[in-house]
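The file input_24.pdb comes next; it holds PDB, C-alpha atoms.
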```pdb
ATOM      1  CA  MET A   1      -5.075 -55.251  13.423
ATOM      2  CA  THR A   2      -4.375 -57.334  16.506
ATOM      3  CA  LEU A   3      -6.464 -57.069  19.632
ATOM      4  CA  ASN A   4      -4.997 -58.646  22.717
ATOM      5  CA  ASP A   5      -4.324 -58.600  26.421
ATOM      6  CA  GLU A   6      -2.046 -60.621  28.654
ATOM      7  CA  LYS A   7      -4.487 -63.539  28.848
ATOM      8  CA  GLY A   8      -5.644 -63.970  25.295
ATOM      9  CA  LEU A   9      -5.348 -63.025  21.705
ATOM     10  CA  ILE A  10      -7.698 -62.323  18.826
ATOM     11  CA  LYS A  11      -6.222 -61.544  15.421
ATOM     12  CA  VAL A  12      -8.295 -59.496  13.005
ATOM     13  CA  ALA A  13      -7.206 -58.968   9.411
ATOM     14  CA  THR A  14      -8.838 -57.665   6.257
ATOM     15  CA  SER A  15      -8.300 -59.299   2.870
ATOM     16  CA  GLY A  16     -10.187 -57.442   0.154
ATOM     17  CA  ALA A  17     -13.844 -57.491   1.152
ATOM     18  CA  MET A  18     -13.328 -60.219   3.783
ATOM     19  CA  LEU A  19     -12.715 -59.640   7.475
ATOM     20  CA  GLN A  20     -10.968 -62.568   9.120
ATOM     21  CA  ILE A  21     -11.237 -63.197  12.882
ATOM     22  CA  GLU A  22      -8.728 -65.714  14.215
ATOM     23  CA  ILE A  23      -8.892 -67.153  17.738
ATOM     24  CA  ASP A  24      -5.220 -67.561  18.607
ATOM     25  CA  ARG A  25      -4.491 -68.699  22.144
ATOM     26  CA  PRO A  26      -2.881 -72.108  21.565
ATOM     27  CA  LYS A  27      -1.398 -72.539  25.048
ATOM     28  CA  LYS A  28      -4.941 -72.447  26.481
ATOM     29  CA  LEU A  29      -6.584 -74.417  23.642
ATOM     30  CA  ASN A  30      -8.073 -71.139  22.397
ATOM     31  CA  ALA A  31     -10.172 -70.770  25.554
ATOM     32  CA  ILE A  32     -12.036 -67.459  25.420
ATOM     33  CA  ASN A  33     -11.757 -64.908  28.216
ATOM     34  CA  ARG A  34     -13.598 -61.631  28.800
ATOM     35  CA  GLN A  35     -11.191 -59.525  26.754
ATOM     36  CA  MET A  36     -11.389 -61.924  23.821
ATOM     37  CA  TYR A  37     -15.191 -61.720  23.842
ATOM     38  CA  SER A  38     -14.911 -57.928  23.788
ATOM     39  CA  ASP A  39     -12.410 -58.071  20.944
ATOM     40  CA  MET A  40     -14.569 -60.374  18.828
ATOM     41  CA  ALA A  41     -17.646 -58.237  19.463
ATOM     42  CA  ALA A  42     -15.658 -55.164  18.415
ATOM     43  CA  ALA A  43     -14.452 -56.902  15.246
ATOM     44  CA  LEU A  44     -18.011 -57.867  14.293
ATOM     45  CA  LEU A  45     -19.216 -54.318  14.941
ATOM     46  CA  HIS A  46     -16.363 -52.986  12.801
ATOM     47  CA  ALA A  47     -17.464 -55.288   9.969
ATOM     48  CA  GLU A  48     -21.046 -54.062  10.264
ATOM     49  CA  GLN A  49     -19.996 -50.430  10.078
ATOM     50  CA  ASN A  50     -17.466 -50.757   7.261
ATOM     51  CA  ASP A  51     -19.052 -50.709   3.807
ATOM     52  CA  THR A  52     -15.976 -52.282   2.187
ATOM     53  CA  ILE A  53     -16.393 -55.470   4.225
ATOM     54  CA  ARG A  54     -18.902 -57.916   2.757
ATOM     55  CA  VAL A  55     -18.197 -61.155   4.620
ATOM     56  CA  VAL A  56     -16.637 -62.298   7.916
ATOM     57  CA  LEU A  57     -14.615 -65.503   8.312
ATOM     58  CA  VAL A  58     -14.078 -66.904  11.832
ATOM     59  CA  HIS A  59     -11.555 -69.649  12.574
ATOM     60  CA  GLY A  60      -9.133 -70.970  15.182
ATOM     61  CA  SER A  61      -5.952 -72.919  14.664
ATOM     62  CA  ALA A  62      -5.510 -76.149  12.720
ATOM     63  CA  GLU A  63      -5.519 -78.017  16.050
ATOM     64  CA  CYS A  64      -8.358 -76.245  17.849
ATOM     65  CA  PHE A  65     -11.261 -73.907  17.086
ATOM     66  CA  THR A  66     -11.924 -73.104  20.738
ATOM     67  CA  SER A  67     -12.214 -75.165  23.916
ATOM     68  CA  GLY A  68     -14.936 -72.771  25.082
ATOM     69  CA  ASN A  69     -15.001 -70.384  28.014
ATOM     70  CA  ASP A  70     -11.822 -69.850  29.997
ATOM     71  CA  LEU A  71     -13.324 -71.330  33.168
ATOM     72  CA  HIS A  72     -10.748 -69.771  35.511
ATOM     73  CA  ASP A  73     -11.512 -66.330  34.061
ATOM     74  CA  PHE A  74     -15.215 -67.140  34.013
ATOM     75  CA  ILE A  75     -15.353 -68.082  37.711
ATOM     76  CA  LYS A  76     -13.094 -65.224  38.800
ATOM     77  CA  ASP A  77     -15.211 -62.616  37.000
ATOM     78  CA  PRO A  78     -18.567 -64.164  36.005
ATOM     79  CA  PRO A  79     -21.043 -62.422  33.686
ATOM     80  CA  THR A  80     -23.567 -60.315  35.557
ATOM     81  CA  GLY A  81     -25.875 -59.119  32.796
ATOM     82  CA  GLU A  82     -26.263 -58.045  29.208
ATOM     83  CA  ALA A  83     -23.402 -55.544  29.481
ATOM     84  CA  SER A  84     -20.940 -58.392  30.116
ATOM     85  CA  PRO A  85     -18.518 -59.112  27.245
ATOM     86  CA  VAL A  86     -19.902 -62.575  26.506
ATOM     87  CA  PHE A  87     -23.406 -61.165  26.006
ATOM     88  CA  GLN A  88     -22.043 -58.319  23.895
ATOM     89  CA  PHE A  89     -20.460 -60.948  21.662
ATOM     90  CA  LEU A  90     -23.646 -63.034  21.489
ATOM     91  CA  THR A  91     -25.643 -59.947  20.544
ATOM     92  CA  ALA A  92     -23.120 -59.006  17.860
ATOM     93  CA  ILE A  93     -22.941 -62.440  16.250
ATOM     94  CA  SER A  94     -26.678 -63.142  16.443
ATOM     95  CA  GLN A  95     -27.607 -59.778  14.935
ATOM     96  CA  ALA A  96     -24.877 -59.565  12.277
ATOM     97  CA  ARG A  97     -26.371 -58.437   8.962
ATOM     98  CA  LYS A  98     -23.413 -59.491   6.829
ATOM     99  CA  PRO A  99     -22.723 -63.177   6.125
ATOM    100  CA  LEU A 100     -20.597 -65.115   8.602
ATOM    101  CA  VAL A 101     -18.488 -68.107   7.576
ATOM    102  CA  ALA A 102     -16.795 -70.425  10.092
ATOM    103  CA  ALA A 103     -13.958 -72.919   9.635
ATOM    104  CA  VAL A 104     -13.797 -75.434  12.489
ATOM    105  CA  SER A 105     -11.049 -77.935  13.177
ATOM    106  CA  GLY A 106     -10.183 -79.708  16.405
ATOM    107  CA  LEU A 107     -12.124 -78.897  19.567
ATOM    108  CA  ALA A 108     -15.265 -76.754  19.391
ATOM    109  CA  ILE A 109     -16.672 -76.860  22.912
ATOM    110  CA  GLY A 110     -19.475 -74.824  24.473
ATOM    111  CA  ILE A 111     -19.466 -71.396  22.851
ATOM    112  CA  GLY A 112     -17.293 -72.951  20.148
ATOM    113  CA  THR A 113     -20.360 -74.931  19.102
ATOM    114  CA  THR A 114     -23.195 -72.535  19.963
ATOM    115  CA  MET A 115     -21.718 -69.574  18.072
ATOM    116  CA  LEU A 116     -21.868 -71.646  14.894
ATOM    117  CA  LEU A 117     -25.673 -71.628  15.053
ATOM    118  CA  HIS A 118     -25.470 -67.939  14.095
ATOM    119  CA  CYS A 119     -23.094 -68.422  11.171
ATOM    120  CA  ASP A 120     -24.434 -68.680   7.640
ATOM    121  CA  LEU A 121     -21.903 -71.183   6.300
ATOM    122  CA  VAL A 122     -19.994 -73.608   8.534
ATOM    123  CA  TYR A 123     -17.208 -75.874   7.305
ATOM    124  CA  ALA A 124     -15.535 -78.494   9.467
ATOM    125  CA  GLY A 125     -12.265 -80.347   9.281
ATOM    126  CA  GLU A 126     -12.277 -84.111   9.716
ATOM    127  CA  SER A 127     -10.751 -83.658  13.186
ATOM    128  CA  ALA A 128     -13.544 -81.418  14.458
ATOM    129  CA  GLN A 129     -15.077 -82.463  17.776
ATOM    130  CA  PHE A 130     -18.133 -80.561  18.979
ATOM    131  CA  GLN A 131     -19.589 -80.593  22.473
ATOM    132  CA  LEU A 132     -22.327 -78.816  24.458
ATOM    133  CA  PRO A 133     -21.326 -79.621  28.071
ATOM    134  CA  PHE A 134     -23.562 -77.088  29.807
ATOM    135  CA  VAL A 135     -25.718 -79.545  31.756
ATOM    136  CA  ASN A 136     -22.577 -81.511  32.674
ATOM    137  CA  LEU A 137     -21.329 -78.337  34.390
ATOM    138  CA  GLY A 138     -24.610 -77.679  36.177
ATOM    139  CA  LEU A 139     -25.482 -74.901  33.730
ATOM    140  CA  CYS A 140     -28.039 -74.288  30.987
ATOM    141  CA  PRO A 141     -27.568 -73.665  27.240
ATOM    142  CA  GLU A 142     -26.519 -70.302  25.826
ATOM    143  CA  ALA A 143     -26.644 -68.331  22.582
ATOM    144  CA  ALA A 144     -30.271 -69.382  21.935
ATOM    145  CA  SER A 145     -29.068 -72.947  21.362
ATOM    146  CA  SER A 146     -32.102 -74.246  23.283
ATOM    147  CA  LEU A 147     -34.190 -72.723  20.476
ATOM    148  CA  LEU A 148     -31.978 -73.060  17.406
ATOM    149  CA  LEU A 149     -30.600 -76.568  17.882
ATOM    150  CA  PRO A 150     -34.035 -78.282  18.092
ATOM    151  CA  GLN A 151     -35.092 -76.315  15.003
ATOM    152  CA  LEU A 152     -32.007 -77.503  13.149
ATOM    153  CA  ALA A 153     -31.589 -81.072  14.322
ATOM    154  CA  GLY A 154     -35.043 -82.016  15.651
ATOM    155  CA  TYR A 155     -35.991 -82.229  19.305
ATOM    156  CA  GLN A 156     -34.660 -85.719  20.094
ATOM    157  CA  ARG A 157     -31.255 -85.132  18.530
ATOM    158  CA  ALA A 158     -30.978 -81.765  20.246
ATOM    159  CA  ALA A 159     -32.017 -83.312  23.567
ATOM    160  CA  GLU A 160     -29.304 -85.955  23.232
ATOM    161  CA  LEU A 161     -26.635 -83.325  22.524
ATOM    162  CA  LEU A 162     -27.758 -80.843  25.199
ATOM    163  CA  LEU A 163     -28.911 -83.144  28.020
ATOM    164  CA  LEU A 164     -26.097 -85.717  27.827
ATOM    165  CA  GLY A 165     -23.441 -83.285  26.676
ATOM    166  CA  LYS A 166     -21.425 -85.917  24.836
ATOM    167  CA  PRO A 167     -18.954 -84.956  22.097
ATOM    168  CA  PHE A 168     -19.958 -85.471  18.463
ATOM    169  CA  ASP A 169     -17.745 -85.559  15.428
ATOM    170  CA  ALA A 170     -17.761 -83.763  12.086
ATOM    171  CA  ALA A 171     -19.610 -86.588  10.346
ATOM    172  CA  LYS A 172     -22.525 -86.368  12.816
ATOM    173  CA  ALA A 173     -22.501 -82.572  12.609
ATOM    174  CA  ASN A 174     -22.799 -82.870   8.843
ATOM    175  CA  GLU A 175     -25.552 -85.468   9.126
ATOM    176  CA  ILE A 176     -27.771 -83.228  11.262
ATOM    177  CA  GLY A 177     -27.152 -80.175   9.085
ATOM    178  CA  PHE A 178     -24.951 -78.395  11.615
ATOM    179  CA  VAL A 179     -22.149 -77.939   9.084
ATOM    180  CA  ASN A 180     -22.311 -77.464   5.319
ATOM    181  CA  LYS A 181     -19.407 -79.714   4.404
ATOM    182  CA  VAL A 182     -16.486 -81.624   5.914
ATOM    183  CA  PHE A 183     -12.992 -81.202   4.449
ATOM    184  CA  PRO A 184      -9.623 -82.794   5.189
ATOM    185  CA  ASP A 185      -7.986 -80.664   7.864
ATOM    186  CA  ASN A 186      -5.122 -79.546   5.643
ATOM    187  CA  VAL A 187      -7.450 -77.897   3.113
ATOM    188  CA  LEU A 188     -10.231 -76.712   5.456
ATOM    189  CA  LEU A 189      -9.213 -73.080   5.812
ATOM    190  CA  GLN A 190      -8.378 -72.791   2.136
ATOM    191  CA  ASN A 191     -11.856 -73.992   1.169
ATOM    192  CA  ALA A 192     -13.623 -71.873   3.790
ATOM    193  CA  ARG A 193     -11.785 -68.800   2.513
ATOM    194  CA  ALA A 194     -12.798 -69.671  -1.045
ATOM    195  CA  GLN A 195     -16.468 -69.855  -0.043
ATOM    196  CA  ALA A 196     -16.191 -66.562   1.856
ATOM    197  CA  GLN A 197     -14.629 -64.929  -1.194
ATOM    198  CA  LEU A 198     -17.481 -66.231  -3.363
ATOM    199  CA  LEU A 199     -19.940 -64.615  -0.954
ATOM    200  CA  ALA A 200     -17.956 -61.373  -1.080
ATOM    201  CA  LYS A 201     -18.395 -61.296  -4.861
ATOM    202  CA  GLN A 202     -22.171 -61.617  -4.655
ATOM    203  CA  PRO A 203     -24.334 -58.435  -4.834
ATOM    204  CA  PRO A 204     -23.931 -57.190  -1.223
ATOM    205  CA  ALA A 205     -27.349 -55.609  -0.731
ATOM    206  CA  ALA A 206     -29.073 -58.722  -2.092
ATOM    207  CA  VAL A 207     -27.001 -60.938   0.214
ATOM    208  CA  ARG A 208     -27.861 -58.880   3.297
ATOM    209  CA  LEU A 209     -31.549 -58.714   2.354
ATOM    210  CA  THR A 210     -31.735 -62.458   1.756
ATOM    211  CA  LYS A 211     -30.099 -63.176   5.112
ATOM    212  CA  GLN A 212     -32.484 -60.736   6.800
ATOM    213  CA  LEU A 213     -35.522 -62.398   5.222
ATOM    214  CA  MET A 214     -34.362 -65.893   6.213
ATOM    215  CA  LYS A 215     -33.810 -64.830   9.821
ATOM    216  CA  LYS A 216     -36.704 -62.375  10.131
ATOM    217  CA  ASN A 217     -39.272 -64.760  11.610
ATOM    218  CA  SER A 218     -36.904 -66.015  14.311
ATOM    219  CA  ALA A 219     -34.932 -62.827  15.109
ATOM    220  CA  ALA A 220     -37.139 -61.644  17.977
ATOM    221  CA  ALA A 221     -37.302 -65.136  19.469
ATOM    222  CA  VAL A 222     -33.518 -65.553  19.254
ATOM    223  CA  SER A 223     -32.969 -62.256  21.073
ATOM    224  CA  ARG A 224     -35.527 -63.170  23.735
ATOM    225  CA  VAL A 225     -34.096 -66.655  24.296
ATOM    226  CA  ILE A 226     -30.504 -65.387  24.502
ATOM    227  CA  SER A 227     -31.648 -63.031  27.252
ATOM    228  CA  GLU A 228     -33.692 -65.706  29.031
ATOM    229  CA  GLU A 229     -30.911 -68.288  28.855
ATOM    230  CA  GLY A 230     -28.487 -65.647  30.135
ATOM    231  CA  GLU A 231     -30.578 -64.942  33.211
ATOM    232  CA  HIS A 232     -30.821 -68.653  34.048
ATOM    233  CA  PHE A 233     -27.118 -69.167  33.267
ATOM    234  CA  ILE A 234     -26.105 -66.477  35.772
ATOM    235  CA  GLU A 235     -28.408 -68.008  38.418
ATOM    236  CA  GLN A 236     -27.082 -71.510  37.772
ATOM    237  CA  LEU A 237     -23.480 -70.352  38.173
ATOM    238  CA  ALA A 238     -24.215 -69.838  41.870
ATOM    239  CA  SER A 239     -26.082 -73.143  42.284
ATOM    240  CA  SER A 240     -24.791 -76.110  44.269
ATOM    241  CA  GLU A 241     -24.818 -78.228  41.104
ATOM    242  CA  ALA A 242     -22.566 -75.846  39.205
ATOM    243  CA  LEU A 243     -20.256 -75.408  42.191
ATOM    244  CA  GLU A 244     -19.849 -79.181  42.483
ATOM    245  CA  ALA A 245     -19.398 -79.681  38.741
ATOM    246  CA  LEU A 246     -16.814 -76.915  38.423
ATOM    247  CA  SER A 247     -14.967 -78.002  41.566
ATOM    248  CA  ALA A 248     -14.810 -81.540  40.197
ATOM    249  CA  PHE A 249     -13.530 -80.238  36.867
ATOM    250  CA  PHE A 250     -10.714 -78.238  38.469
ATOM    251  CA  GLU A 251      -9.849 -81.091  40.865
ATOM    252  CA  GLY A 252      -9.833 -83.709  38.103
ATOM    253  CA  ARG A 253     -12.466 -85.927  39.720
ATOM    254  CA  LYS A 254     -15.938 -87.155  38.874
ATOM    255  CA  ALA A 255     -18.732 -84.877  40.050
ATOM    256  CA  ASP A 256     -21.172 -86.213  42.642
ATOM    257  CA  PHE A 257     -24.729 -84.903  42.331
ATOM    258  CA  SER A 258     -26.260 -87.337  44.838
TER     259      SER A 258
END
```
Using the file provided, produce a representation of the structure as structure tokens.
Amino acid sequence: MTLNDEKGLIKVATSGAMLQIEIDRPKKLNAINRQMYSDMAAALLHAEQNDTIRVVLVHGSAECFTSGNDLHDFIKDPPTGEASPVFQFLTAISQARKPLVAAVSGLAIGIGTTMLLHCDLVYAGESAQFQLPFVNLGLCPEAASSLLLPQLAGYQRAAELLLLGKPFDAAKANEIGFVNKVFPDNVLLQNARAQAQLLAKQPPAAVRLTKQLMKKNSAAAVSRVISEEGEHFIEQLASSEALEALSAFFEGRKADFS
């Protein structure tokens, strides 16, 4: 099935026991708008409710995973609470019981990086470039990344990535344990699909139980932090820092926080 609107496109297809979610908005570098968040949340919910689906694979194009939020859409119609599409998506991906596999090539900015913290297996192409530019935009982290990234990478590495907001490549992502393996771009999706298919062949109840047990001790904290970050994020959107940062971004100039 294809879920779309005039601003964006999410392609959802089933192959055997695998549900594949493709972010396909190349003219906007796969930037995600409200409808796309709703569509991805719906696809994840469909996977949860369908007993024939055992694994979900998420990917973008060969050139770009996603450049993050569609900022024009985001500013025009900002999130206002947990009912907003972006929070529906974060709830769906963070609480998914079935295994999630991601294949990342090209840009993976903002949500394109934070969503990966909720995937079980993450594979990157050699071209992958990750970035967490929230502070740069006068905002705070999202998707419980302020909790999960320090747990994964250690506090100092997480602080460097979140506070400075500089891009990091696939090799660094692999070094800190953010991705499982790096592949040449031309075989990335093929290998990610192969790993997803291996997962789909595993005993499904045992897979779900094992994932549940691994995430059990942090599940409540993840939910709480997503909510807490969301409240601060909404407040920061109206702050003078965010207004200056976003204005500078749209005007193509350097922000002045003096």
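Pairwise distance (CA of Asp77 (chain A), CA of Glu231 (chain A)) equals 16.0 Å.
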Output, as AutoDock Vina command-line options, the centre and edge lengths in Å (one decimal) of the axis-aligned box that contains all listed atoms of region 239-251 of chain A with 8 Å of margin on each side.
```
--center_x -18.0 --center_y -77.3 --center_z 40.6 --size_x 32.2 --size_y 24.4 --size_z 23.4
```
Considering only C-alpha atoms, state which residue in the set A:Met36, A:Ile234, A:Ala221, A:Leu243 is at the smallest distance from Pro79 (chain A). A:Ile234
Using the chain letters and residue numbers of this document, give as a ChimeraX atom specification the residues selected by the PyMOL selection byres ((chain A and resi 17-20) around 12). /A:1-2,10-16,21-23,40,43-48,50-60,98-103,189,192-202,204
Closest of A:Ala31, A:Ser61, A:Val179, A:Ala173 to Ile109 (chain A), counting only C-alpha atoms, is A:Ala31
Counting only C-alpha atoms, the residue among A:Ser127, A:Ser223, A:Asn217, A:Thr113 that lies closest to Leu162 (chain A) is A:Thr113
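Non-sequential neighbours of Leu107 (chain A) (distance at most 6 Å, separation of 5 or more positions within a chain, only C-alpha atoms) are Cys64, Phe65, Thr66, Ser67, Ala128 and Gln129 of chain A.
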On this file, the PyMOL selection byres ((chain A and resi 178) around 10) gives some set of residues; write that set as a VMD selection string. chain A and resid 113 116 to 117 121 to 124 149 152 to 153 170 to 177 179 to 181
Could you please fill out region 174-194 of chain A with N, CA and C atoms and send it back as a tab-separated table (two decimals), in the coordinates of the input?
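Result went into out-v8.tsv, see below:
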```tsv
chain	number	residue	atom	x	y	z
A	174	ASN	N	-22.38	-82.98	10.24
A	174	ASN	CA	-22.80	-82.87	8.84
A	174	ASN	C	-24.15	-83.55	8.63
A	175	GLU	N	-24.32	-84.69	9.27
A	175	GLU	CA	-25.55	-85.47	9.13
A	175	GLU	C	-26.77	-84.69	9.62
A	176	ILE	N	-26.62	-83.95	10.71
A	176	ILE	CA	-27.77	-83.23	11.26
A	176	ILE	C	-27.90	-81.83	10.68
A	177	GLY	N	-27.05	-81.47	9.74
A	177	GLY	CA	-27.15	-80.18	9.09
A	177	GLY	C	-26.48	-79.05	9.85
A	178	PHE	N	-25.63	-79.40	10.81
A	178	PHE	CA	-24.95	-78.40	11.62
A	178	PHE	C	-23.82	-77.73	10.85
A	179	VAL	N	-23.20	-78.49	9.95
A	179	VAL	CA	-22.15	-77.94	9.08
A	179	VAL	C	-22.53	-78.19	7.63
A	180	ASN	N	-22.01	-77.34	6.75
A	180	ASN	CA	-22.31	-77.46	5.32
A	180	ASN	C	-21.53	-78.58	4.65
A	181	LYS	N	-20.26	-78.72	5.05
A	181	LYS	CA	-19.41	-79.71	4.40
A	181	LYS	C	-18.21	-80.00	5.29
A	182	VAL	N	-17.68	-81.22	5.17
A	182	VAL	CA	-16.49	-81.62	5.91
A	182	VAL	C	-15.33	-81.76	4.94
A	183	PHE	N	-14.19	-81.15	5.29
A	183	PHE	CA	-12.99	-81.20	4.45
A	183	PHE	C	-11.85	-81.85	5.22
A	184	PRO	N	-10.86	-82.41	4.51
A	184	PRO	CA	-9.62	-82.79	5.19
A	184	PRO	C	-9.04	-81.58	5.90
A	185	ASP	N	-8.47	-81.78	7.06
A	185	ASP	CA	-7.99	-80.66	7.86
A	185	ASP	C	-7.03	-79.75	7.11
A	186	ASN	N	-6.17	-80.35	6.28
A	186	ASN	CA	-5.12	-79.55	5.64
A	186	ASN	C	-5.63	-78.63	4.54
A	187	VAL	N	-6.89	-78.79	4.14
A	187	VAL	CA	-7.45	-77.90	3.11
A	187	VAL	C	-8.70	-77.17	3.61
A	188	LEU	N	-9.01	-77.32	4.90
A	188	LEU	CA	-10.23	-76.71	5.46
A	188	LEU	C	-10.24	-75.20	5.30
A	189	LEU	N	-9.22	-74.54	5.82
A	189	LEU	CA	-9.21	-73.08	5.81
A	189	LEU	C	-9.19	-72.53	4.39
A	190	GLN	N	-8.45	-73.18	3.54
A	190	GLN	CA	-8.38	-72.79	2.14
A	190	GLN	C	-9.76	-72.82	1.49
A	191	ASN	N	-10.52	-73.88	1.75
A	191	ASN	CA	-11.86	-73.99	1.17
A	191	ASN	C	-12.85	-73.04	1.82
A	192	ALA	N	-12.73	-72.83	3.12
A	192	ALA	CA	-13.62	-71.87	3.79
A	192	ALA	C	-13.38	-70.46	3.27
A	193	ARG	N	-12.10	-70.12	3.07
A	193	ARG	CA	-11.78	-68.80	2.51
A	193	ARG	C	-12.37	-68.65	1.12
A	194	ALA	N	-12.28	-69.72	0.32
A	194	ALA	CA	-12.80	-69.67	-1.04
A	194	ALA	C	-14.30	-69.42	-1.04
```
